[in-house]
Amino acid sequence: MSSMATGFSRARERSIDWTPYIIGIGLGVLSWIVFVVVNNPLGITTAIGQLSGGVATPILGAEAVTSNSYWAKNAMKLDYGTLFLAGTLIGGALSAFATGRWHVETVPTVWAERFGSSQVKRYIAAFAGGVIAMYGARLANGCTSGNGISGGLQLALSGWVFLAAMFATGALTAFILFRATRT
């Protein structure tokens, strides 16, 4: 057995259980720190938009990117949002590894049971869902973390309305997509 495989096995043995309470406390504390240090609420979609402009520049050309009103207003830069985006990806990977739950899953079991095991179909659905979610986040001028978490922590009515709408829409979507079919 390779040393990497042995290390992975040991990581699975020392599994950590991240309860929702620990995560909630961590998000609350992180929110306070972000407000104190950078005077901004938590948010990630602006950083994704900035990053997409940076990726588009070599493909479309700098002139095309700067002529886009959104990218002109939100140019690619290394700021709090970019670091938050990178930290979210890195932190999620480290958490999955620390809990011993790191694995590659191209088609989740619950998806395969309902829609089949086609990777292409799953990737198209995931991509379409991501596009719709990002469009909605830009339309709402903020994402789940910006509108929901930060808005909710600031007791903003818009944050609470967003959270209620998000949960209701998620429950309805799950009901429609994953309800038991009658035979």
# chains A, B, ... in the order shown; residues from 1 in each chain; ligands from 1
>>> closest_atom_pairs(of="region 28-90 of chain A", to="region 137-142 of chain A", cutoff="9 Å", atoms="only C-alpha atoms", output="Markdown table")
| residue | atom | partner | partner_atom | distance |
| --- | --- | --- | --- | --- |
| A:Gly43 | CA | A:Gly142 | CA | 7.0 |
| A:Ile44 | CA | A:Gly142 | CA | 8.1 |
| A:Thr45 | CA | A:Gly142 | CA | 6.7 |
| A:Thr46 | CA | A:Gly142 | CA | 7.9 |
>>> select_by_dssp(residues="region 25-142 of chain A", states="alpha helix (DSSP H)", output="PyMOL selection string")
chain A and resi 25-38+45-60+62-67+69-73+80-99+109-115+119-139
>>> closest_residue(among="A:Val104, A:Val36, A:Ile25, A:Leu42", to="Gly151 (chain A)", atoms="only C-alpha atoms")
A:Leu42
>>> atom_distance(atom1="CA of Tyr70 (chain A)", atom2="CA of Gln50 (chain A)")
9.0 Å
